[in-house]
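Asker: What follows is the file run-v3.cif, containing mmCIF, C-alpha atoms:
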```cif
data_start
#
loop_
_atom_site.group_PDB
_atom_site.id
_atom_site.type_symbol
_atom_site.label_atom_id
_atom_site.label_comp_id
_atom_site.auth_asym_id
_atom_site.auth_seq_id
_atom_site.Cartn_x
_atom_site.Cartn_y
_atom_site.Cartn_z
ATOM 1 C CA MET A 649 0.000 0.000 0.000
ATOM 2 C CA LYS A 650 1.568 3.280 -1.118
ATOM 3 C CA GLN A 651 2.100 5.934 1.546
ATOM 4 C CA ILE A 652 2.763 9.630 0.916
ATOM 5 C CA ALA A 653 3.865 12.554 3.079
ATOM 6 C CA ILE A 654 1.195 15.235 3.349
ATOM 7 C CA ASP A 655 0.581 18.646 4.881
ATOM 8 C CA ILE A 656 -2.909 19.935 5.664
ATOM 9 C CA VAL A 657 -2.662 23.693 5.299
ATOM 10 C CA LEU A 658 -4.390 27.043 5.256
ATOM 11 C CA LEU A 659 -3.674 29.086 2.143
ATOM 12 C CA PRO A 660 -3.332 32.885 2.386
ATOM 13 C CA ASP A 661 -5.297 35.032 -0.036
ATOM 14 C CA GLU A 662 -3.769 35.925 -3.396
ATOM 15 C CA LYS A 663 -2.401 39.315 -2.276
ATOM 16 C CA ALA A 664 -0.599 37.757 0.688
ATOM 17 C CA GLN A 665 0.794 35.016 -1.557
ATOM 18 C CA GLU A 666 2.335 37.687 -3.769
ATOM 19 C CA ILE A 667 3.857 39.450 -0.734
ATOM 20 C CA CYS A 668 5.398 36.175 0.424
ATOM 21 C CA LYS A 669 6.820 35.508 -3.030
ATOM 22 C CA LYS A 670 8.330 38.996 -3.147
ATOM 23 C CA VAL A 671 10.020 38.557 0.247
ATOM 24 C CA ASN A 672 11.216 35.109 -0.804
ATOM 25 C CA GLN A 673 13.038 36.694 -3.741
ATOM 26 C CA GLN A 674 15.037 38.839 -1.305
ATOM 27 C CA ILE A 675 16.464 35.775 0.464
ATOM 28 C CA TRP A 676 19.513 34.474 -1.351
ATOM 29 C CA TRP A 677 20.698 30.884 -0.909
ATOM 30 C CA GLU A 678 23.346 30.230 -3.510
ATOM 31 C CA GLU A 679 23.341 26.438 -3.673
ATOM 32 C CA LYS A 680 19.808 25.422 -2.720
ATOM 33 C CA LYS A 681 17.634 28.494 -3.024
ATOM 34 C CA ILE A 682 13.955 27.648 -2.587
ATOM 35 C CA ASP A 683 12.301 29.952 -5.085
ATOM 36 C CA PHE A 684 8.526 30.347 -4.814
ATOM 37 C CA ILE A 685 8.193 31.803 -8.290
ATOM 38 C CA GLN A 686 10.451 29.583 -10.406
ATOM 39 C CA THR A 687 9.585 26.302 -8.663
ATOM 40 C CA GLY A 688 5.877 26.902 -8.058
ATOM 41 C CA LYS A 689 6.107 26.153 -4.338
ATOM 42 C CA THR A 690 3.132 27.505 -2.386
ATOM 43 C CA PRO A 691 3.301 29.867 0.630
ATOM 44 C CA HIS A 692 1.134 28.260 3.304
ATOM 45 C CA ILE A 693 0.286 27.824 6.980
ATOM 46 C CA SER A 694 0.875 24.226 8.073
ATOM 47 C CA LEU A 695 -1.768 22.726 10.364
ATOM 48 C CA ILE A 696 -0.744 19.078 10.529
ATOM 49 C CA MET A 697 1.724 16.869 8.679
ATOM 50 C CA GLY A 698 1.843 13.111 8.508
ATOM 51 C CA ILE A 699 2.020 10.015 6.337
ATOM 52 C CA MET A 700 -1.230 8.793 4.797
ATOM 53 C CA ASN A 701 -2.154 5.748 2.767
ATOM 54 C CA GLU A 702 -3.150 6.902 -0.702
ATOM 55 C CA VAL A 703 -6.342 4.860 -0.458
ATOM 56 C CA ASP A 704 -7.439 7.094 2.454
ATOM 57 C CA ALA A 705 -7.178 10.326 0.447
ATOM 58 C CA GLU A 706 -10.908 10.530 -0.260
ATOM 59 C CA LYS A 707 -11.818 9.815 3.376
ATOM 60 C CA ILE A 708 -9.494 12.562 4.604
ATOM 61 C CA ALA A 709 -10.886 14.989 2.035
ATOM 62 C CA ASP A 710 -14.418 14.185 3.225
ATOM 63 C CA VAL A 711 -13.431 14.877 6.848
ATOM 64 C CA LEU A 712 -11.914 18.236 5.880
ATOM 65 C CA SER A 713 -15.009 19.124 3.879
ATOM 66 C CA HIS A 714 -17.133 18.485 6.959
ATOM 67 C CA ILE A 715 -14.802 20.484 9.234
ATOM 68 C CA SER A 716 -14.696 23.406 6.786
ATOM 69 C CA LYS A 717 -18.438 23.949 7.278
ATOM 70 C CA ASN A 718 -17.716 25.058 10.861
ATOM 71 C CA PHE A 719 -15.366 27.855 9.752
ATOM 72 C CA SER A 720 -15.347 30.957 7.598
ATOM 73 C CA ALA A 721 -12.373 32.815 6.124
ATOM 74 C CA ILE A 722 -9.896 33.708 8.897
ATOM 75 C CA LYS A 723 -8.302 37.156 9.236
ATOM 76 C CA LEU A 724 -4.647 36.974 10.318
ATOM 77 C CA LYS A 725 -1.669 39.242 10.789
ATOM 78 C CA GLY A 726 1.976 38.847 11.636
ATOM 79 C CA LYS A 727 5.517 40.087 11.090
ATOM 80 C CA ILE A 728 8.835 38.828 9.784
ATOM 81 C CA ARG A 729 10.994 36.771 12.131
ATOM 82 C CA LYS A 730 14.589 35.748 11.398
ATOM 83 C CA TYR A 731 16.082 32.739 13.167
ATOM 84 C CA ILE A 732 18.741 30.019 13.057
ATOM 85 C CA ILE A 733 17.874 26.305 12.933
ATOM 86 C CA GLN A 734 19.904 24.817 15.789
ATOM 87 C CA ASN A 735 20.754 21.420 14.322
ATOM 88 C CA THR A 736 21.733 22.758 10.867
ATOM 89 C CA GLY A 737 22.981 26.295 11.559
ATOM 90 C CA GLU A 738 20.923 27.589 8.614
ATOM 91 C CA ALA A 739 19.358 31.055 8.616
ATOM 92 C CA TRP A 740 15.594 31.110 8.002
ATOM 93 C CA ALA A 741 12.847 33.694 7.849
ATOM 94 C CA SER A 742 9.085 33.493 8.258
ATOM 95 C CA PHE A 743 5.994 35.544 8.850
ATOM 96 C CA GLU A 744 5.166 34.675 12.469
ATOM 97 C CA LEU A 745 1.414 35.075 12.920
ATOM 98 C CA GLU A 746 -0.445 36.355 15.952
ATOM 99 C CA LYS A 747 -2.436 33.787 17.889
ATOM 100 C CA SER A 748 -5.882 33.149 16.455
ATOM 101 C CA LYS A 749 -8.651 31.308 18.293
ATOM 102 C CA GLN A 750 -10.095 30.210 14.948
ATOM 103 C CA VAL A 751 -6.789 28.705 13.790
ATOM 104 C CA SER A 752 -6.318 26.983 17.165
ATOM 105 C CA ASN A 753 -9.802 25.487 16.965
ATOM 106 C CA LEU A 754 -9.169 24.389 13.382
ATOM 107 C CA PHE A 755 -5.900 22.725 14.435
ATOM 108 C CA ILE A 756 -7.672 20.897 17.284
ATOM 109 C CA GLN A 757 -10.543 19.652 15.124
ATOM 110 C CA ILE A 758 -8.257 18.478 12.336
ATOM 111 C CA SER A 759 -5.907 16.777 14.804
ATOM 112 C CA GLU A 760 -8.773 14.897 16.433
ATOM 113 C CA LYS A 761 -10.430 13.787 13.194
ATOM 114 C CA ILE A 762 -7.415 13.217 10.912
ATOM 115 C CA LYS A 763 -4.791 11.725 13.252
ATOM 116 C CA PRO A 764 -6.345 8.211 13.013
ATOM 117 C CA TYR A 765 -5.517 8.250 9.292
ATOM 118 C CA LEU A 766 -1.906 9.398 9.757
ATOM 119 C CA ASP A 767 1.237 7.429 10.491
ATOM 120 C CA TYR A 768 4.650 8.564 11.742
ATOM 121 C CA ASN A 769 6.563 5.289 11.675
ATOM 122 C CA ASN A 770 9.337 4.460 9.208
ATOM 123 C CA ILE A 771 9.184 7.817 7.439
ATOM 124 C CA SER A 772 11.370 7.848 4.346
ATOM 125 C CA THR A 773 12.195 10.322 1.602
ATOM 126 C CA ASN A 774 10.495 8.168 -1.048
ATOM 127 C CA MET A 775 7.140 9.217 0.441
ATOM 128 C CA PHE A 776 7.761 12.808 -0.653
ATOM 129 C CA TYR A 777 7.112 14.455 -4.010
ATOM 130 C CA MET A 778 10.212 14.404 -6.255
ATOM 131 C CA ALA A 779 11.751 11.964 -3.779
ATOM 132 C CA THR A 780 15.240 11.952 -5.325
ATOM 133 C CA GLU A 781 15.668 15.612 -4.326
ATOM 134 C CA VAL A 782 14.454 15.252 -0.724
ATOM 135 C CA GLU A 783 16.882 15.539 2.187
ATOM 136 C CA LYS A 784 16.579 13.588 5.459
ATOM 137 C CA GLN A 785 15.859 16.777 7.427
ATOM 138 C CA SER A 786 12.406 16.794 5.822
ATOM 139 C CA CYS A 787 11.590 13.475 7.531
ATOM 140 C CA ILE A 788 12.752 14.820 10.893
ATOM 141 C CA TRP A 789 10.481 17.860 10.662
ATOM 142 C CA LEU A 790 7.511 15.750 9.611
ATOM 143 C CA GLU A 791 8.041 13.386 12.541
ATOM 144 C CA GLY A 792 7.863 16.417 14.859
ATOM 145 C CA PHE A 793 4.111 16.619 14.243
ATOM 146 C CA LYS A 794 3.484 13.199 15.812
ATOM 147 C CA ASN A 795 2.678 14.448 19.304
ATOM 148 C CA ARG A 796 2.239 18.172 18.686
ATOM 149 C CA THR A 797 -0.398 19.721 20.943
ATOM 150 C CA SER A 798 -2.428 22.887 20.519
ATOM 151 C CA GLU A 799 -0.211 24.532 23.159
ATOM 152 C CA GLU A 800 2.900 23.762 21.088
ATOM 153 C CA TYR A 801 1.394 24.742 17.755
ATOM 154 C CA HIS A 802 2.145 28.202 16.349
ATOM 155 C CA SER A 803 1.054 29.411 12.948
ATOM 156 C CA HIS A 804 3.547 30.884 10.501
ATOM 157 C CA ILE A 805 4.395 31.163 6.813
ATOM 158 C CA THR A 806 7.940 30.023 6.084
ATOM 159 C CA LEU A 807 9.762 32.361 3.688
ATOM 160 C CA TRP A 808 12.759 30.014 3.434
ATOM 161 C CA ILE A 809 16.442 29.671 3.939
ATOM 162 C CA GLY A 810 19.326 31.960 3.087
ATOM 163 C CA ASP A 811 20.962 35.297 3.724
ATOM 164 C CA THR A 812 18.323 37.219 5.681
ATOM 165 C CA SER A 813 20.676 39.987 6.861
ATOM 166 C CA ASN A 814 19.222 42.609 4.519
ATOM 167 C CA LEU A 815 15.610 41.540 4.958
ATOM 168 C CA PRO A 816 13.663 44.569 6.275
ATOM 169 C CA GLU A 817 11.119 44.473 9.069
ATOM 170 C CA GLN A 818 7.687 43.921 7.566
ATOM 171 C CA GLU A 819 4.155 43.233 8.746
ATOM 172 C CA ILE A 820 1.399 41.408 6.905
ATOM 173 C CA SER A 821 -2.398 41.282 7.230
ATOM 174 C CA PHE A 822 -4.475 38.907 5.163
ATOM 175 C CA THR A 823 -7.323 36.451 4.998
ATOM 176 C CA ALA A 824 -6.799 32.678 4.967
ATOM 177 C CA GLU A 825 -9.696 31.423 2.924
ATOM 178 C CA THR A 826 -8.755 27.952 1.665
ATOM 179 C CA LEU A 827 -8.083 24.614 3.374
ATOM 180 C CA ALA A 828 -5.928 22.230 1.339
ATOM 181 C CA ILE A 829 -3.946 18.995 1.290
ATOM 182 C CA TYR A 830 -0.525 18.903 -0.382
ATOM 183 C CA GLN A 831 2.009 16.181 -0.871
ATOM 184 C CA LEU A 832 5.196 17.402 0.756
ATOM 185 C CA GLY A 833 8.409 18.104 -1.112
ATOM 186 C CA ASN A 834 11.956 18.800 0.035
ATOM 187 C CA TYR A 835 12.208 20.804 3.266
ATOM 188 C CA CYS A 836 8.468 20.146 3.768
ATOM 189 C CA THR A 837 7.447 22.501 0.980
ATOM 190 C CA CYS A 838 3.940 22.293 -0.471
ATOM 191 C CA GLU A 839 4.536 20.745 -3.875
ATOM 192 C CA ASN A 840 1.635 18.705 -5.182
ATOM 193 C CA LYS A 841 -1.940 19.801 -4.420
ATOM 194 C CA LEU A 842 -4.259 16.878 -3.732
ATOM 195 C CA PHE A 843 -7.398 18.655 -2.488
ATOM 196 C CA GLU A 844 -8.745 22.076 -1.532
ATOM 197 C CA ILE A 845 -11.947 23.572 -0.212
ATOM 198 C CA ALA A 846 -12.973 27.155 0.553
ATOM 199 C CA LEU A 847 -13.775 28.206 4.103
#
```
Would you mind giving the structure from this file in structure tokens?
Answerer:
Amino acid sequence: MKQIAIDIVLLPDEKAQEICKKVNQQIWWEEKKIDFIQTGKTPHISLIMGIMNEVDAEKIADVLSHISKNFSAIKLKGKIRKYIIQNTGEAWASFELEKSKQVSNLFIQISEKIKPYLDYNNISTNMFYMATEVEKQSCIWLEGFKNRTSEEYHSHITLWIGDTSNLPEQEISFTAETLAIYQLGNYCTCENKLFEIAL
């Protein structure tokens, strides 16, 4: 039975997506730059990652469709944060978002309803999209969602890795209006859309 690595995400509105892509272009990573525009990777807010059996895709989509009826589009705001990943020493940047009761409730409902369909054992890079390009760090980050609680969860939009020294302070306000499932790519990027539904 084929298993794939997935991320259930909120998608920012189109204007916010363009802002994220513009900031992404200001972050230079000479050898492995993750370019939103040239590669088609999607700025997103991760809710829960895991490994699913492909045969369960329709069931998971049905659960999300049911959950989406309890929510409307969510207004969010945040600001740029620069940080260093401890185990790799890499510089990253993201839009760290203010706490939202709606997002927290969405995380809780999805965790409760979807976790029975997800697995975190024997994660391997061949479960990711474009598996030959995926690094082991992606598996480590995915595994981190196994026991994540609502207290530990914080919403953000990753802007990616590189030289962030010249990245200016910036705030963002937007509406998250779409719930989606993506197959994960390298560095847990959203690569291959499997399902989406409007809030």
Asker: Could you check the closest approach to Ile693 (chain A) for each of A:Ile675, A:Val751, A:Leu847, A:Leu659 and tell me which residue wins, using all atoms listed in the file?
Answerer: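 Comparing A:Ile675, A:Val751, A:Leu847, A:Leu659 against Ile693 (chain A), the winner is A:Leu659.
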Asker: Separation of CA of Thr823 (chain A) and CA of Ser720 (chain A), in Å?
Answerer: 10.1 Å
Asker: Got a sec: who's within 10 Å of region 757-762 of chain A, counting only C-alpha atoms, leaving out chain neighbours fewer than 2 positions off, as a list in words?
Answerer: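 Counting only the stated atoms, we get Ile656, Leu695, Ile696, Met697, Gly698, Met700, Lys707, Ile708, Ala709, Val711, Leu712, Ile715, Ser716, Asn718, Val751, Ser752, Asn753, Leu754, Phe755, Pro764, Tyr765, Leu766, Asn795, Arg796, Thr797 and Ser798 of chain A.
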Asker: Please, could you write that set of residues out with C-alpha atoms as a PDB file, keeping the file's coordinate frame?
Answerer:
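Output contents, as saved in out39.pdb:
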```pdb
ATOM      1  CA  ILE A 656      -2.909  19.935   5.664  1.00  0.00           C
ATOM      2  CA  LEU A 695      -1.768  22.726  10.364  1.00  0.00           C
ATOM      3  CA  ILE A 696      -0.744  19.078  10.529  1.00  0.00           C
ATOM      4  CA  MET A 697       1.724  16.869   8.679  1.00  0.00           C
ATOM      5  CA  GLY A 698       1.843  13.111   8.508  1.00  0.00           C
ATOM      6  CA  MET A 700      -1.230   8.793   4.797  1.00  0.00           C
ATOM      7  CA  LYS A 707     -11.818   9.815   3.376  1.00  0.00           C
ATOM      8  CA  ILE A 708      -9.494  12.562   4.604  1.00  0.00           C
ATOM      9  CA  ALA A 709     -10.886  14.989   2.035  1.00  0.00           C
ATOM     10  CA  VAL A 711     -13.431  14.877   6.848  1.00  0.00           C
ATOM     11  CA  LEU A 712     -11.914  18.236   5.880  1.00  0.00           C
ATOM     12  CA  ILE A 715     -14.802  20.484   9.234  1.00  0.00           C
ATOM     13  CA  SER A 716     -14.696  23.406   6.786  1.00  0.00           C
ATOM     14  CA  ASN A 718     -17.716  25.058  10.861  1.00  0.00           C
ATOM     15  CA  VAL A 751      -6.789  28.705  13.790  1.00  0.00           C
ATOM     16  CA  SER A 752      -6.318  26.983  17.165  1.00  0.00           C
ATOM     17  CA  ASN A 753      -9.802  25.487  16.965  1.00  0.00           C
ATOM     18  CA  LEU A 754      -9.169  24.389  13.382  1.00  0.00           C
ATOM     19  CA  PHE A 755      -5.900  22.725  14.435  1.00  0.00           C
ATOM     20  CA  PRO A 764      -6.345   8.211  13.013  1.00  0.00           C
ATOM     21  CA  TYR A 765      -5.517   8.250   9.292  1.00  0.00           C
ATOM     22  CA  LEU A 766      -1.906   9.398   9.757  1.00  0.00           C
ATOM     23  CA  ASN A 795       2.678  14.448  19.304  1.00  0.00           C
ATOM     24  CA  ARG A 796       2.239  18.172  18.686  1.00  0.00           C
ATOM     25  CA  THR A 797      -0.398  19.721  20.943  1.00  0.00           C
ATOM     26  CA  SER A 798      -2.428  22.887  20.519  1.00  0.00           C
TER      27      SER A 798
END
```
Asker: Between CA of Glu781 (chain A) and CA of Tyr731 (chain A), what is the spacing in Å?
Answerer: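 Spanning CA of Tyr731 (chain A) to CA of Glu781 (chain A) is a straight-line distance of 24.5 Å.
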Asker: Starting from the shown file, work through the PyMOL selection byres ((chain A and resi 772) around 9) and note down what comes out as a PDB file with C-alpha atoms, in the coordinates of the input.
Answerer:
```pdb
ATOM      1  CA  ALA A 653       3.865  12.554   3.079  1.00  0.00           C
ATOM      2  CA  ASN A 770       9.337   4.460   9.208  1.00  0.00           C
ATOM      3  CA  ILE A 771       9.184   7.817   7.439  1.00  0.00           C
ATOM      4  CA  THR A 773      12.195  10.322   1.602  1.00  0.00           C
ATOM      5  CA  ASN A 774      10.495   8.168  -1.048  1.00  0.00           C
ATOM      6  CA  MET A 775       7.140   9.217   0.441  1.00  0.00           C
ATOM      7  CA  PHE A 776       7.761  12.808  -0.653  1.00  0.00           C
ATOM      8  CA  LYS A 784      16.579  13.588   5.459  1.00  0.00           C
ATOM      9  CA  CYS A 787      11.590  13.475   7.531  1.00  0.00           C
TER      10      CYS A 787
END
```
Asker: Taking all atoms listed in the file into account, name the residue in A:Ile722, A:Ile756, A:Ala664, A:Val703 that is nearest to Ile820 (chain A).
Answerer: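 Checking each candidate against Ile820 (chain A), we get A:Ala664 as the closest.
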Asker: Quick one: distance from CA of Trp740 (chain A) to CA of Lys763 (chain A) in Å, one decimal?
Answerer: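 Between these atoms lies a distance of 28.6 Å.
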Asker: Using only C-alpha atoms, which of the listed residues (A:Gln785, A:Glu702, A:Gly726, A:Ser694) sits closest to Glu817 (chain A)?
Answerer: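 When distances to Glu817 (chain A) are compared using only C-alpha atoms, the smallest one comes from A:Gly726.
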Asker: Counting all atoms listed in the file, which residue out of A:Leu724, A:Lys670, A:His714, A:Phe743 sits closest to Ser821 (chain A)?
Answerer: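 Checking each of A:Leu724, A:Lys670, A:His714, A:Phe743 against Ser821 (chain A), counting all atoms listed in the file, the winner is A:Leu724.
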Asker: Could you give me, as a list in words, the residues that sit within 8 Å of (-10.9, 19.2, -3.8) in the file's coordinates, counting all atoms listed in the file?
Answerer: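 Result, sorted by chain then residue number: Ala709, Ala828, Leu842, Phe843, Glu844 and Ile845 of chain A.
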Asker: Write out as a ChimeraX atom specification each polymer residue whose atoms come within 12 Å of Thr812 (chain A), counting all atoms listed in the file; drop sequence neighbours fewer than 4 positions from it.
Answerer: /A:671-677,728-732,738-742,807-808,816-817
Asker: Show me, as a PyMOL selection string, the residues that have an atom within 7 Å of Asp661 (chain A) when counting only C-alpha atoms, minus same-chain residues fewer than 5 positions from it.
Answerer: chain A and resi 822-825
Asker: Could you list as a PyMOL selection string every residue that has an atom within 8 Å of (-0.8, 33.1, 14.0), using the file's coordinates and counting all atoms listed in the file?
Answerer: chain A and resi 724-726+744-748+751+802-804
Asker: Which one is closest to Lys669 (chain A): A:Lys650, A:Ile805, A:Asp811, A:Thr780? Count all atoms listed in the file.
Answerer: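 Closest to Lys669 (chain A), using all atoms listed in the file: A:Ile805.
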